[in-house]
Amino acid sequence: MDSVNLRQLVCKYALVNATGHSGQAQNGAVMGMIMANHPELRSRGKEIGPLTGQVVAQVNKMTLEAQQQKLEELGGYQAPERKEETKGLPELPNTDKGVVLRFAPNPSGPLHIGHARAAVLNQEYQERYGGKLILRVEDTDPRRVYPPAYDMIREDLTWLGVKWQEEVVQSQRLEIYYQMAEEAIGKGAAYMCTCPGDQFKKLKDAGEACPHREMTVEENLSLWEKMPTLAEGEVVLRVKTDLKHKNPAIRDWVAMRIVDYPHPLQGEKYRVYPMMNFSVAVDDHLLGVTHVLRGKDHLANTEKQGYLYRHLGWEEPHYTHYGRLKMDDVALSTSRAKEGIEEGDYTGWDDPRLGTLRAIARRGIQPESIRELMNEIGVKIADSTVTWKKIYGLNRGLLEEVNRYFLAIPGQRIRIEGLPDDLKRPVERPLHPDHPERGMRTLNFEERLYIPSADLPHDPEKVIRLIDAVNITIQDGEAHYHSTSHQEAREIGAPAIQWVPMRDKKLVELVMPDGTIQTGYAEADTYQEEVGDVVQFERLGFARLDEKYLGKMTFYFAHK
């Protein structure tokens with residue numbers, strides 16, 4: 001666009017802004033309209049800025065009538081139609097030949113909520129296009145493998161509701177990687193390098209080739225065959241890239257290296273292992289992966305792998321990169337969690353302070369809430385922060401139908417003085433007020449009770465209402481019968497509190513999200529729940545029954 005047409009365009013938007021705001025245009029608003037409607041002009045911002053200031057000053061000197069007339073002369077203006085915001089995941093491109101995706105965790109520990117994003121979104125796309133999802137366990141670094149994680153990953157995915165159609169364990173495919181390494185050497189795409197690490201780094205940072213880069217195919221293959229007998233760090237296989245690439249990390253990256261460490265599945269059978277970028281590219285190609293969902297922290301890896309694809313004449317899959325996922329007040333680092341478990345800071349992988357899926361599940365968070373959350377976050381490139389508040393909100397809607405009970409925690413024992421004998425009776429309450437068909441729960445109301453210690457009134461004249469029972473006051477630690485009328489309690493603003501009969505109590509340990517444990521008493525009928533069930537303790541919140549034994553129950557608190 002030449003300077004004359006550009007000035008006319010700026011004038012038009014200045015007139016639009018002015019006629020919509022009592023004849024006075026604003027520089028920033030005009031610039032915003034130009035850049036929004038003409039993204040091709042964004043590179044000329046330094047030129048358009050001063051020009052906009054000049055034009056706006058001229059337009060603002062015109063009468064409103066003159067502005068309207070000038071705008072008509074320039075063809076008028078019709079605001080572009082706003083596109084409706086599409087909900088859900090965007091469509092994948094190039095799906096006409098089928099869709100094959102993969103979820104590829106490292107077995108360094110169980111899955112955490114960050115893994116859930118990739119797992120859920122991959123399955124969502126697999127189901128949308130009727131494709132295939134491959135579970136690929138990337139265990140080619142023996143030092144990072146946590147042996148129980150193989151089964152833990154499968155268990156976590158099953159809990160999450162993610163189904164896969166094929167499973168691949170990379171440590172069982174080492175011979176395949178060796179074949180591909182030889183093919184790359186044969187094509188002159190890769191070479192053996194014996195440079196010490198610090199020496200190669202200097203060359204790499206300077207954009208210079210190491211002396212081994214020009215070895216013949218025969219020389220490389222000869223050294224490749226000797227590689228299993230050499231010492232760790234003595235030699236690596238490198239993939240050739242652009243030595244002048246702006247990112248030094250991409251220059252001639254390592255494809256194979258020696259690892260002197262027994263593998264949990266392979267023992268000491270192998271000593272040469274592929275680096276992630278090599279095994280990932282090989283497997284994505286050989287397994288027919290068409291679309292890859294990965295974090296934007298893998299952008300450099302995508303570039304690295306692209307060189308191997310081009311060297312070997314392979315068709316690259318379509319990559320979708322998304323932003324990082326952070327979570328407030330929770331440990332997501334697998335290595336730090338493992339260290340904390342070994343040092344006794346955490347009770348295990350399902351410690352409520354961790355962000356592992358099994359820790360979340362133990363608290364009674366439903367997998368559907370995590371799936372819904374991940375679908376809502378989607379594959380946007382911007383970073384996202386997950387809050388417990390958001391998870392609780394989604395989960396609460398899934399738990400509203402669970403049974404309800406009284407819990408006094410911490411429990412304060414009281415004895416009601418002056419309680420008439422005729423008021424000592426069974427009190428029935430529904431297991432759920434919206435589902436009378438589930439039946440009733442029975443609490444034997446009597447003078448000896450437990451109430452939540454937090455509900456003890458500080459004012460001796462303060463009346464409190466024991467739900468569905470009587471009104472009492474508490475003076476000097478002693479409870480006194482006051483009246484029975486619920487209406488009276490409402491009129492005087494008596495708080496309604498729950499209670500547990502001392503005779504029929506069940507001991508409860510409640511494990512809180514911060515790992516602390518509270519002790520109290522629940523009504524007897526709570527014991528009918530099965531381990532794994534989630535209940536709602538009235539006026540307290542939701543909790544999952546983790547264990548029950550000899551009348552004692554352990555619950556993990558979820559949220560209010």
# chains A, B, ... in the order shown; residues from 1 in each chain; ligands from 1
call {"tool": "select_by_dssp", "arguments": {"residues": "stretch 469-559 of chain A", "states": "alpha helix (DSSP H)", "output": "ChimeraX atom specification"}}
result
/A:486-491
call {"tool": "residues_around", "arguments": {"residues": "A:Ser485", "least_positions_apart": "4", "cutoff": "9 Å", "atoms": "only C-alpha atoms", "output": "ChimeraX atom specification"}}
result
/A:469-471,489-490
call {"tool": "write_last_selection", "arguments": {"atoms": "C-alpha atoms", "output": "compact mmCIF listing (two decimals), in the first residue's frame"}}
result
# COMPACT_ATOMS: atom_id res chain seq x y z
CA ALA A 469 -33.43 -31.87 67.90
CA VAL A 470 -33.41 -29.11 70.52
CA ASN A 471 -32.03 -25.68 71.36
CA ALA A 489 -34.37 -20.83 67.02
CA ARG A 490 -34.83 -19.19 63.64
call {"tool": "select_by_dssp", "arguments": {"residues": "stretch 288-381 of chain A", "states": "strand (DSSP E or B)", "output": "JSON, numbers by chain"}}
result
{"A": [291, 292, 293, 294, 295, 318, 319, 320, 321, 322, 325, 326, 327, 331, 354, 356]}
call {"tool": "closest_residue", "arguments": {"among": "A:Asn375, A:Gln179, A:Ser3, A:Thr290", "to": "A:Pro90", "atoms": "only C-alpha atoms"}}
result
A:Asn375
call {"tool": "atom_distance", "arguments": {"atom1": "atom CA of A:Asp139", "atom2": "atom CA of A:Ala118"}}
result
17.9 Å
call {"tool": "closest_atom_pairs", "arguments": {"of": "stretch 330-384 of chain A", "to": "stretch 151-170 of chain A", "cutoff": "10 Å", "atoms": "only C-alpha atoms", "output": "CSV"}}
result
residue,atom,partner,partner_atom,distance
A:Thr356,CA,A:Asp156,CA,9.1
A:Leu357,CA,A:Asp156,CA,6.5
A:Arg358,CA,A:Asp156,CA,6.8
A:Ala361,CA,A:Trp159,CA,8.2
A:Gln366,CA,A:Leu160,CA,8.6
A:Pro367,CA,A:Leu160,CA,5.1
A:Glu368,CA,A:Leu160,CA,7.5
A:Ser369,CA,A:Leu160,CA,9.7
A:Ile370,CA,A:Leu160,CA,7.8
A:Arg371,CA,A:Leu160,CA,7.5
call {"tool": "write_last_selection", "arguments": {"atoms": "N, CA and C atoms", "output": "PDB file, in the first residue's frame"}}
result
ATOM      1  N   THR A 356      -0.051 -35.520  41.665  1.00  0.00           N
ATOM      2  CA  THR A 356      -0.219 -36.753  40.901  1.00  0.00           C
ATOM      3  C   THR A 356      -1.701 -37.091  40.785  1.00  0.00           C
ATOM      4  N   LEU A 357      -2.046 -37.809  39.722  1.00  0.00           N
ATOM      5  CA  LEU A 357      -3.449 -38.187  39.538  1.00  0.00           C
ATOM      6  C   LEU A 357      -3.922 -39.081  40.663  1.00  0.00           C
ATOM      7  N   ARG A 358      -3.027 -39.930  41.183  1.00  0.00           N
ATOM      8  CA  ARG A 358      -3.468 -40.815  42.267  1.00  0.00           C
ATOM      9  C   ARG A 358      -3.668 -40.045  43.577  1.00  0.00           C
ATOM     10  N   ALA A 361      -7.055 -38.405  42.952  1.00  0.00           N
ATOM     11  CA  ALA A 361      -8.118 -39.407  43.039  1.00  0.00           C
ATOM     12  C   ALA A 361      -8.385 -39.809  44.484  1.00  0.00           C
ATOM     13  N   GLN A 366     -13.152 -36.392  41.004  1.00  0.00           N
ATOM     14  CA  GLN A 366     -13.631 -37.311  39.980  1.00  0.00           C
ATOM     15  C   GLN A 366     -12.878 -37.103  38.661  1.00  0.00           C
ATOM     16  N   PRO A 367     -12.579 -38.212  37.949  1.00  0.00           N
ATOM     17  CA  PRO A 367     -11.840 -38.066  36.691  1.00  0.00           C
ATOM     18  C   PRO A 367     -12.560 -37.200  35.675  1.00  0.00           C
ATOM     19  N   GLU A 368     -13.892 -37.194  35.719  1.00  0.00           N
ATOM     20  CA  GLU A 368     -14.647 -36.373  34.771  1.00  0.00           C
ATOM     21  C   GLU A 368     -14.347 -34.889  34.946  1.00  0.00           C
ATOM     22  N   SER A 369     -14.069 -34.478  36.173  1.00  0.00           N
ATOM     23  CA  SER A 369     -13.766 -33.062  36.393  1.00  0.00           C
ATOM     24  C   SER A 369     -12.419 -32.696  35.779  1.00  0.00           C
ATOM     25  N   ILE A 370     -11.454 -33.614  35.830  1.00  0.00           N
ATOM     26  CA  ILE A 370     -10.153 -33.361  35.225  1.00  0.00           C
ATOM     27  C   ILE A 370     -10.278 -33.355  33.703  1.00  0.00           C
ATOM     28  N   ARG A 371     -11.066 -34.268  33.166  1.00  0.00           N
ATOM     29  CA  ARG A 371     -11.259 -34.302  31.716  1.00  0.00           C
ATOM     30  C   ARG A 371     -11.921 -33.005  31.224  1.00  0.00           C
TER      31      ARG A 371
END
call {"tool": "residues_around", "arguments": {"residues": "stretch 219-222 of chain A", "least_positions_apart": "6", "cutoff": "7 Å", "atoms": "only C-alpha atoms", "output": "count of residues only"}}
result
3
call {"tool": "residues_around", "arguments": {"residues": "A:Phe542", "least_positions_apart": "3", "cutoff": "6 Å", "atoms": "only C-alpha atoms", "output": "list in words"}}
result
Val535, Gln536, Ala558, His559 and Lys560 of chain A
call {"tool": "closest_residue", "arguments": {"among": "A:Ser333, A:Tyr150, A:Pro410, A:Glu342", "to": "A:Gly355", "atoms": "only C-alpha atoms"}}
result
A:Ser333
call {"tool": "residues_around", "arguments": {"residues": "A:Arg143", "least_positions_apart": "4", "cutoff": "9 Å", "atoms": "only C-alpha atoms", "output": "list in words"}}
result
Val259, Tyr261, Pro262 and His263 of chain A
